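Quick look at structure13.txt (compact mmCIF, N, CA and C atoms):
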```
# COMPACT_ATOMS: atom_id res chain seq x y z
N MET A 91 0.83 -1.18 0.00
CA MET A 91 0.00 0.00 0.00
C MET A 91 0.88 1.26 0.00
N LEU A 92 1.92 1.25 0.82
CA LEU A 92 2.81 2.41 0.88
C LEU A 92 3.46 2.66 -0.47
N LEU A 93 3.88 1.61 -1.14
CA LEU A 93 4.49 1.75 -2.46
C LEU A 93 3.50 2.37 -3.44
N TYR A 94 2.24 1.94 -3.41
CA TYR A 94 1.21 2.49 -4.28
C TYR A 94 1.03 3.99 -4.02
N ILE A 95 0.97 4.36 -2.74
CA ILE A 95 0.81 5.78 -2.38
C ILE A 95 1.99 6.60 -2.88
N LEU A 96 3.19 6.08 -2.68
CA LEU A 96 4.38 6.82 -3.14
C LEU A 96 4.40 6.97 -4.65
N ARG A 97 4.02 5.92 -5.38
CA ARG A 97 3.97 6.02 -6.84
C ARG A 97 2.94 7.05 -7.30
N ALA A 98 1.76 7.03 -6.66
CA ALA A 98 0.71 8.00 -7.01
C ALA A 98 1.18 9.41 -6.70
N TRP A 99 1.88 9.57 -5.60
CA TRP A 99 2.38 10.88 -5.18
C TRP A 99 3.40 11.40 -6.20
N ILE A 100 4.28 10.53 -6.66
CA ILE A 100 5.27 10.93 -7.66
C ILE A 100 4.60 11.23 -8.99
N ASP A 101 3.64 10.37 -9.39
CA ASP A 101 2.94 10.55 -10.67
C ASP A 101 2.12 11.82 -10.73
N ASP A 102 1.58 12.27 -9.58
CA ASP A 102 0.73 13.47 -9.63
C ASP A 102 1.52 14.77 -9.57
N GLY A 103 2.84 14.66 -9.61
CA GLY A 103 3.66 15.87 -9.66
C GLY A 103 4.06 16.41 -8.30
N SER A 104 3.85 15.63 -7.24
CA SER A 104 4.22 16.09 -5.91
C SER A 104 5.73 16.07 -5.71
N VAL A 105 6.44 15.42 -6.63
CA VAL A 105 7.90 15.43 -6.60
C VAL A 105 8.37 15.98 -7.94
N THR A 106 9.33 16.88 -7.88
CA THR A 106 9.84 17.47 -9.11
C THR A 106 10.76 16.48 -9.82
N GLU A 107 11.18 16.83 -11.03
CA GLU A 107 12.05 15.94 -11.79
C GLU A 107 13.38 15.70 -11.10
N THR A 108 13.80 16.62 -10.23
CA THR A 108 15.06 16.45 -9.51
C THR A 108 14.89 15.58 -8.28
N GLY A 109 13.65 15.17 -7.99
CA GLY A 109 13.40 14.35 -6.81
C GLY A 109 13.05 15.14 -5.59
N ASP A 110 12.99 16.46 -5.71
CA ASP A 110 12.65 17.30 -4.57
C ASP A 110 11.14 17.35 -4.39
N PRO A 111 10.68 17.38 -3.13
CA PRO A 111 9.24 17.51 -2.92
C PRO A 111 8.74 18.83 -3.46
N ALA A 112 7.53 18.83 -3.95
CA ALA A 112 6.90 20.08 -4.38
C ALA A 112 6.68 20.94 -3.14
N SER A 113 6.31 22.19 -3.33
CA SER A 113 6.19 23.10 -2.21
C SER A 113 4.98 22.85 -1.34
N SER A 114 3.98 22.11 -1.81
CA SER A 114 2.83 21.80 -0.97
C SER A 114 2.40 20.37 -1.20
N GLY A 115 1.66 19.83 -0.27
CA GLY A 115 1.18 18.45 -0.36
C GLY A 115 1.59 17.66 0.86
N TRP A 116 1.43 16.35 0.77
CA TRP A 116 1.68 15.49 1.91
C TRP A 116 3.13 15.45 2.37
N ALA A 117 4.06 15.36 1.45
CA ALA A 117 5.46 15.21 1.87
C ALA A 117 5.94 16.38 2.73
N PRO A 118 5.76 17.62 2.29
CA PRO A 118 6.20 18.71 3.14
C PRO A 118 5.45 18.75 4.47
N ALA A 119 4.17 18.44 4.46
CA ALA A 119 3.38 18.48 5.69
C ALA A 119 3.87 17.43 6.68
N LEU A 120 4.15 16.23 6.19
CA LEU A 120 4.58 15.17 7.09
C LEU A 120 6.01 15.34 7.55
N THR A 121 6.84 15.96 6.74
CA THR A 121 8.24 16.14 7.13
C THR A 121 8.47 17.43 7.90
N ASP A 122 7.51 18.34 7.88
CA ASP A 122 7.62 19.56 8.68
C ASP A 122 7.42 19.18 10.15
N PRO A 123 8.40 19.44 11.01
CA PRO A 123 8.28 18.99 12.41
C PRO A 123 7.03 19.53 13.12
N ALA A 124 6.72 20.79 12.95
CA ALA A 124 5.59 21.38 13.66
C ALA A 124 4.27 20.85 13.14
N ILE A 125 4.08 20.89 11.84
CA ILE A 125 2.81 20.45 11.25
C ILE A 125 2.68 18.93 11.38
N GLY A 126 3.78 18.23 11.30
CA GLY A 126 3.76 16.78 11.50
C GLY A 126 3.24 16.40 12.87
N ARG A 127 3.61 17.16 13.92
CA ARG A 127 3.09 16.88 15.27
C ARG A 127 1.59 17.08 15.33
N ALA A 128 1.10 18.12 14.66
CA ALA A 128 -0.35 18.37 14.64
C ALA A 128 -1.07 17.23 13.91
N LEU A 129 -0.55 16.84 12.75
CA LEU A 129 -1.17 15.75 11.99
C LEU A 129 -1.15 14.45 12.78
N GLN A 130 -0.07 14.21 13.48
CA GLN A 130 0.03 13.00 14.30
C GLN A 130 -1.06 12.99 15.37
N GLY A 131 -1.29 14.13 16.00
CA GLY A 131 -2.34 14.22 17.02
C GLY A 131 -3.72 14.00 16.44
N ILE A 132 -4.01 14.64 15.31
CA ILE A 132 -5.31 14.49 14.65
C ILE A 132 -5.54 13.04 14.26
N HIS A 133 -4.53 12.41 13.67
CA HIS A 133 -4.68 11.02 13.21
C HIS A 133 -4.81 10.05 14.38
N ALA A 134 -4.09 10.29 15.46
CA ALA A 134 -4.12 9.38 16.60
C ALA A 134 -5.40 9.53 17.43
N GLN A 135 -5.95 10.76 17.48
CA GLN A 135 -7.12 11.01 18.33
C GLN A 135 -8.15 11.85 17.58
N PRO A 136 -8.81 11.29 16.57
CA PRO A 136 -9.77 12.08 15.82
C PRO A 136 -10.96 12.55 16.66
N ALA A 137 -11.28 11.84 17.74
CA ALA A 137 -12.42 12.22 18.57
C ALA A 137 -12.11 13.37 19.52
N HIS A 138 -10.85 13.68 19.70
CA HIS A 138 -10.47 14.78 20.60
C HIS A 138 -11.06 16.09 20.07
N PRO A 139 -11.56 16.95 20.94
CA PRO A 139 -12.13 18.23 20.48
C PRO A 139 -11.03 19.25 20.15
N TRP A 140 -10.28 18.99 19.11
CA TRP A 140 -9.15 19.83 18.73
C TRP A 140 -9.60 21.25 18.41
N THR A 141 -8.77 22.20 18.78
CA THR A 141 -8.95 23.60 18.39
C THR A 141 -7.67 24.03 17.69
N VAL A 142 -7.75 25.10 16.93
CA VAL A 142 -6.54 25.61 16.28
C VAL A 142 -5.53 26.01 17.35
N HIS A 143 -6.00 26.59 18.43
CA HIS A 143 -5.11 26.99 19.53
C HIS A 143 -4.36 25.78 20.09
N GLU A 144 -5.07 24.68 20.34
CA GLU A 144 -4.43 23.49 20.90
C GLU A 144 -3.45 22.85 19.90
N LEU A 145 -3.83 22.78 18.64
CA LEU A 145 -2.93 22.23 17.62
C LEU A 145 -1.69 23.09 17.46
N ALA A 146 -1.89 24.41 17.51
CA ALA A 146 -0.75 25.33 17.41
C ALA A 146 0.20 25.15 18.59
N ALA A 147 -0.37 25.03 19.79
CA ALA A 147 0.46 24.82 20.98
C ALA A 147 1.23 23.50 20.87
N ARG A 148 0.58 22.46 20.38
CA ARG A 148 1.23 21.16 20.18
C ARG A 148 2.40 21.29 19.20
N SER A 149 2.24 22.19 18.23
CA SER A 149 3.26 22.40 17.21
C SER A 149 4.34 23.39 17.62
N GLY A 150 4.09 24.11 18.71
CA GLY A 150 5.06 25.10 19.16
C GLY A 150 5.02 26.38 18.35
N LEU A 151 3.86 26.68 17.76
CA LEU A 151 3.71 27.88 16.93
C LEU A 151 2.53 28.72 17.44
N SER A 152 2.51 29.98 17.05
CA SER A 152 1.34 30.80 17.36
C SER A 152 0.18 30.32 16.50
N ARG A 153 -1.04 30.68 16.89
CA ARG A 153 -2.21 30.23 16.12
C ARG A 153 -2.15 30.70 14.67
N SER A 154 -1.82 31.96 14.47
CA SER A 154 -1.84 32.49 13.10
C SER A 154 -0.74 31.87 12.24
N VAL A 155 0.45 31.74 12.79
CA VAL A 155 1.55 31.12 12.03
C VAL A 155 1.22 29.66 11.74
N PHE A 156 0.68 28.96 12.76
CA PHE A 156 0.31 27.56 12.57
C PHE A 156 -0.74 27.41 11.48
N ALA A 157 -1.80 28.21 11.55
CA ALA A 157 -2.90 28.10 10.57
C ALA A 157 -2.40 28.38 9.16
N GLN A 158 -1.57 29.40 9.00
CA GLN A 158 -1.03 29.71 7.67
C GLN A 158 -0.13 28.59 7.15
N ARG A 159 0.74 28.11 8.02
CA ARG A 159 1.68 27.07 7.61
C ARG A 159 0.96 25.76 7.30
N PHE A 160 0.01 25.38 8.15
CA PHE A 160 -0.76 24.16 7.94
C PHE A 160 -1.49 24.24 6.60
N THR A 161 -2.17 25.35 6.36
CA THR A 161 -2.93 25.52 5.12
C THR A 161 -2.01 25.48 3.90
N ALA A 162 -0.86 26.11 4.00
CA ALA A 162 0.07 26.12 2.87
C ALA A 162 0.61 24.72 2.58
N LEU A 163 0.90 23.96 3.62
CA LEU A 163 1.49 22.63 3.43
C LEU A 163 0.47 21.54 3.12
N VAL A 164 -0.66 21.57 3.81
CA VAL A 164 -1.66 20.50 3.65
C VAL A 164 -2.63 20.82 2.52
N GLY A 165 -2.86 22.11 2.29
CA GLY A 165 -3.77 22.51 1.21
C GLY A 165 -5.15 22.88 1.67
N GLU A 166 -5.40 22.81 2.97
CA GLU A 166 -6.67 23.24 3.55
C GLU A 166 -6.45 23.61 5.01
N PRO A 167 -7.34 24.42 5.58
CA PRO A 167 -7.19 24.84 6.98
C PRO A 167 -7.26 23.65 7.94
N PRO A 168 -6.69 23.81 9.14
CA PRO A 168 -6.61 22.70 10.09
C PRO A 168 -7.96 22.06 10.45
N LEU A 169 -8.98 22.86 10.73
CA LEU A 169 -10.25 22.28 11.15
C LEU A 169 -11.01 21.67 9.98
N THR A 170 -10.78 22.16 8.78
CA THR A 170 -11.36 21.53 7.59
C THR A 170 -10.73 20.16 7.41
N TYR A 171 -9.41 20.09 7.57
CA TYR A 171 -8.71 18.81 7.47
C TYR A 171 -9.20 17.86 8.56
N LEU A 172 -9.37 18.36 9.79
CA LEU A 172 -9.85 17.53 10.89
C LEU A 172 -11.21 16.93 10.55
N SER A 173 -12.11 17.73 10.02
CA SER A 173 -13.44 17.22 9.64
C SER A 173 -13.32 16.14 8.57
N TRP A 174 -12.47 16.40 7.58
CA TRP A 174 -12.26 15.41 6.52
C TRP A 174 -11.71 14.11 7.11
N TRP A 175 -10.74 14.21 8.01
CA TRP A 175 -10.13 13.02 8.60
C TRP A 175 -11.17 12.24 9.42
N ARG A 176 -12.00 12.97 10.16
CA ARG A 176 -13.05 12.30 10.94
C ARG A 176 -14.00 11.53 10.03
N MET A 177 -14.41 12.13 8.94
CA MET A 177 -15.34 11.45 8.03
C MET A 177 -14.67 10.29 7.32
N THR A 178 -13.40 10.42 6.97
CA THR A 178 -12.66 9.33 6.34
C THR A 178 -12.54 8.16 7.31
N THR A 179 -12.24 8.47 8.57
CA THR A 179 -12.14 7.45 9.60
C THR A 179 -13.50 6.78 9.82
N ALA A 180 -14.56 7.59 9.86
CA ALA A 180 -15.90 7.04 10.04
C ALA A 180 -16.27 6.11 8.89
N GLY A 181 -15.99 6.51 7.67
CA GLY A 181 -16.28 5.67 6.52
C GLY A 181 -15.57 4.33 6.61
N ARG A 182 -14.32 4.37 7.02
CA ARG A 182 -13.56 3.12 7.17
C ARG A 182 -14.15 2.26 8.27
N LEU A 183 -14.51 2.87 9.40
CA LEU A 183 -15.10 2.11 10.51
C LEU A 183 -16.44 1.49 10.11
N LEU A 184 -17.23 2.23 9.36
CA LEU A 184 -18.53 1.71 8.93
C LEU A 184 -18.37 0.50 8.01
N ARG A 185 -17.39 0.56 7.13
CA ARG A 185 -17.19 -0.53 6.18
C ARG A 185 -16.46 -1.73 6.78
N GLU A 186 -15.60 -1.48 7.78
CA GLU A 186 -14.73 -2.54 8.28
C GLU A 186 -15.10 -3.08 9.66
N SER A 187 -16.15 -2.55 10.27
CA SER A 187 -16.52 -3.02 11.60
C SER A 187 -18.04 -3.13 11.71
N ASP A 188 -18.46 -3.76 12.79
CA ASP A 188 -19.89 -3.88 13.08
C ASP A 188 -20.30 -2.89 14.17
N ALA A 189 -19.46 -1.91 14.45
CA ALA A 189 -19.76 -0.92 15.49
C ALA A 189 -21.06 -0.19 15.15
N SER A 190 -21.82 0.13 16.18
CA SER A 190 -23.07 0.86 15.98
C SER A 190 -22.77 2.26 15.47
N LEU A 191 -23.78 2.89 14.88
CA LEU A 191 -23.59 4.26 14.40
C LEU A 191 -23.21 5.19 15.54
N SER A 192 -23.82 5.01 16.71
CA SER A 192 -23.47 5.88 17.84
C SER A 192 -22.03 5.65 18.29
N ALA A 193 -21.56 4.40 18.23
CA ALA A 193 -20.16 4.11 18.60
C ALA A 193 -19.20 4.73 17.59
N VAL A 194 -19.52 4.64 16.31
CA VAL A 194 -18.68 5.26 15.28
C VAL A 194 -18.67 6.77 15.47
N ALA A 195 -19.84 7.33 15.72
CA ALA A 195 -19.94 8.78 15.94
C ALA A 195 -19.03 9.22 17.09
N ARG A 196 -19.07 8.50 18.21
CA ARG A 196 -18.22 8.84 19.36
C ARG A 196 -16.74 8.70 19.03
N ARG A 197 -16.38 7.66 18.27
CA ARG A 197 -14.96 7.43 17.94
C ARG A 197 -14.37 8.51 17.05
N VAL A 198 -15.23 9.25 16.35
CA VAL A 198 -14.73 10.32 15.49
C VAL A 198 -15.09 11.71 16.00
N GLY A 199 -15.55 11.79 17.26
CA GLY A 199 -15.71 13.09 17.89
C GLY A 199 -17.10 13.70 17.91
N TYR A 200 -18.13 12.92 17.63
CA TYR A 200 -19.50 13.44 17.66
C TYR A 200 -20.22 12.88 18.88
N THR A 201 -20.85 13.74 19.65
CA THR A 201 -21.62 13.28 20.81
C THR A 201 -23.05 12.96 20.41
N SER A 202 -23.48 13.46 19.27
CA SER A 202 -24.84 13.23 18.79
C SER A 202 -24.80 12.40 17.52
N GLU A 203 -25.56 11.30 17.53
CA GLU A 203 -25.66 10.46 16.34
C GLU A 203 -26.30 11.24 15.19
N PHE A 204 -27.25 12.10 15.52
CA PHE A 204 -27.92 12.92 14.51
C PHE A 204 -26.93 13.87 13.83
N ALA A 205 -26.10 14.56 14.63
CA ALA A 205 -25.11 15.49 14.06
C ALA A 205 -24.10 14.72 13.20
N PHE A 206 -23.71 13.54 13.67
CA PHE A 206 -22.78 12.71 12.90
C PHE A 206 -23.40 12.31 11.56
N ALA A 207 -24.65 11.83 11.60
CA ALA A 207 -25.31 11.38 10.37
C ALA A 207 -25.45 12.53 9.38
N LYS A 208 -25.75 13.72 9.88
CA LYS A 208 -25.89 14.90 9.01
C LYS A 208 -24.54 15.25 8.36
N ALA A 209 -23.49 15.27 9.16
CA ALA A 209 -22.15 15.58 8.63
C ALA A 209 -21.69 14.50 7.65
N PHE A 210 -21.97 13.24 7.97
CA PHE A 210 -21.57 12.14 7.10
C PHE A 210 -22.28 12.24 5.75
N LYS A 211 -23.57 12.50 5.78
CA LYS A 211 -24.32 12.61 4.53
C LYS A 211 -23.82 13.79 3.70
N ARG A 212 -23.46 14.88 4.35
CA ARG A 212 -22.93 16.04 3.63
C ARG A 212 -21.61 15.67 2.94
N GLU A 213 -20.79 14.87 3.59
CA GLU A 213 -19.49 14.48 3.03
C GLU A 213 -19.61 13.40 1.95
N TYR A 214 -20.42 12.37 2.20
CA TYR A 214 -20.49 11.22 1.30
C TYR A 214 -21.72 11.21 0.39
N GLY A 215 -22.69 12.06 0.68
CA GLY A 215 -23.89 12.09 -0.15
C GLY A 215 -24.87 10.97 0.12
N THR A 216 -24.64 10.22 1.18
CA THR A 216 -25.52 9.12 1.56
C THR A 216 -25.49 8.96 3.08
N PRO A 217 -26.57 8.51 3.69
CA PRO A 217 -26.56 8.31 5.15
C PRO A 217 -25.58 7.20 5.54
N PRO A 218 -25.05 7.28 6.77
CA PRO A 218 -24.05 6.28 7.18
C PRO A 218 -24.58 4.85 7.17
N GLY A 219 -25.84 4.64 7.51
CA GLY A 219 -26.39 3.29 7.48
C GLY A 219 -26.41 2.70 6.09
N ARG A 220 -26.75 3.50 5.10
CA ARG A 220 -26.78 3.03 3.72
C ARG A 220 -25.35 2.83 3.20
N TYR A 221 -24.43 3.70 3.62
CA TYR A 221 -23.03 3.58 3.21
C TYR A 221 -22.46 2.24 3.68
N ARG A 222 -22.86 1.82 4.86
CA ARG A 222 -22.36 0.59 5.45
C ARG A 222 -22.87 -0.65 4.72
N ARG A 223 -24.14 -0.65 4.32
CA ARG A 223 -24.74 -1.82 3.70
C ARG A 223 -24.10 -2.15 2.37
N PRO A 224 -23.79 -3.42 2.15
CA PRO A 224 -23.25 -3.79 0.84
C PRO A 224 -24.34 -3.65 -0.23
N ILE A 225 -23.94 -3.42 -1.44
CA ILE A 225 -24.86 -3.32 -2.56
C ILE A 225 -25.42 -4.71 -2.82
N PRO A 226 -26.75 -4.84 -2.86
CA PRO A 226 -27.31 -6.19 -3.10
C PRO A 226 -26.94 -6.68 -4.50
N ARG A 227 -26.60 -7.93 -4.56
CA ARG A 227 -26.24 -8.54 -5.85
C ARG A 227 -27.42 -9.33 -6.38
N VAL A 228 -27.64 -9.20 -7.64
CA VAL A 228 -28.72 -9.93 -8.29
C VAL A 228 -28.20 -11.32 -8.64
N GLN A 229 -28.93 -12.31 -8.21
CA GLN A 229 -28.54 -13.69 -8.49
C GLN A 229 -28.97 -14.06 -9.91
N PRO A 230 -28.09 -14.67 -10.69
CA PRO A 230 -28.49 -15.10 -12.04
C PRO A 230 -29.55 -16.19 -11.95
N VAL A 231 -30.43 -16.19 -12.91
CA VAL A 231 -31.53 -17.16 -12.94
C VAL A 231 -31.10 -18.42 -13.63
```
Produce structure tokens that represent the structure in this file.
Amino acid sequence: MLLYILRAWIDDGSVTETGDPASSGWAPALTDPAIGRALQGIHAQPAHPWTVHELAARSGLSRSVFAQRFTALVGEPPLTYLSWWRMTTAGRLLRESDASLSAVARRVGYTSEFAFAKAFKREYGTPPGRYRRPIPRVQPV
């Protein structure tokens, strides 16, 4: 899987012909010590009620410097990325586990199943229960 990701990253132009990382994208974000610490926290604890202030403190930067640097390196603001990561994690949990919707909601930082379902539908275009269900297959006659 890692090899596939690296090949896709190189193919999409994230690495220049000299082998240097492009100025924005995953490589600079992950290799930047400050932003890397923030990403590590978000990925390890998506349910934590992260704030820009807390992520900036974790990174050792002021809020404004952190927000600008994060956005420049990752390509979107910190809390937008956090929401995306939560929904990505929720989608994976729904497809790979039998956890209840309320359990999935809690694991990605939602105290209300209703708020989670609304956010999930906005992101995926389908309710979480329908996203989880496999597509019925028609049996040949």
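Using only N, CA and C atoms, the smallest distance between any of A:Gly215, A:Lys208, A:Arg222, A:Ala128 and A:Leu184 comes from A:Arg222.
The closest residue to A:Leu169, picked from A:Glu213, A:Ser190, A:Pro136, A:Arg197 and counting only C-alpha atoms, is A:Pro136.
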Inset, instruction - Quick one: everything within 8 Å of A:Pro218, counting only C-alpha atoms, minus sequence neighbours fewer than 2 positions away in the same chain. Send it as a ChimeraX atom specification. - result: /A:181,184,191,207,210-211,216,220-222
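Atom CA of A:Gly165 sits 28.2 Å away from atom CA of A:Glu186.
In this structure, atom C of A:Arg182 sits 22.0 Å away from atom C of A:Trp140.
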Inset, instruction - Might you pull out every residue within 8 Å of A:Ala137, with all atoms listed in the file counted and same-chain residues fewer than 2 positions away left off, and present them as a PyMOL selection string? - result: chain A and resi 131-135+139-140+176+195-200
Inset, instruction - Between atom CA of A:Ala162 and atom N of A:Met177, measure the distance and give it in Å to one decimal. - result: 21.0 Å
Inset, instruction - Extract, using only C-alpha atoms, all DNA, RNA and protein residues at most 12 Å from A:Ile125, discarding same-chain residues fewer than 2 positions from it, and format them as JSON, numbers by chain. - result: {"A": [115, 116, 117, 118, 119, 120, 121, 122, 123, 127, 128, 129, 130, 131, 132, 142, 145, 146, 147, 148, 149, 150, 151, 155, 156, 157, 158, 159, 160, 161, 162, 163, 164, 167, 168]}
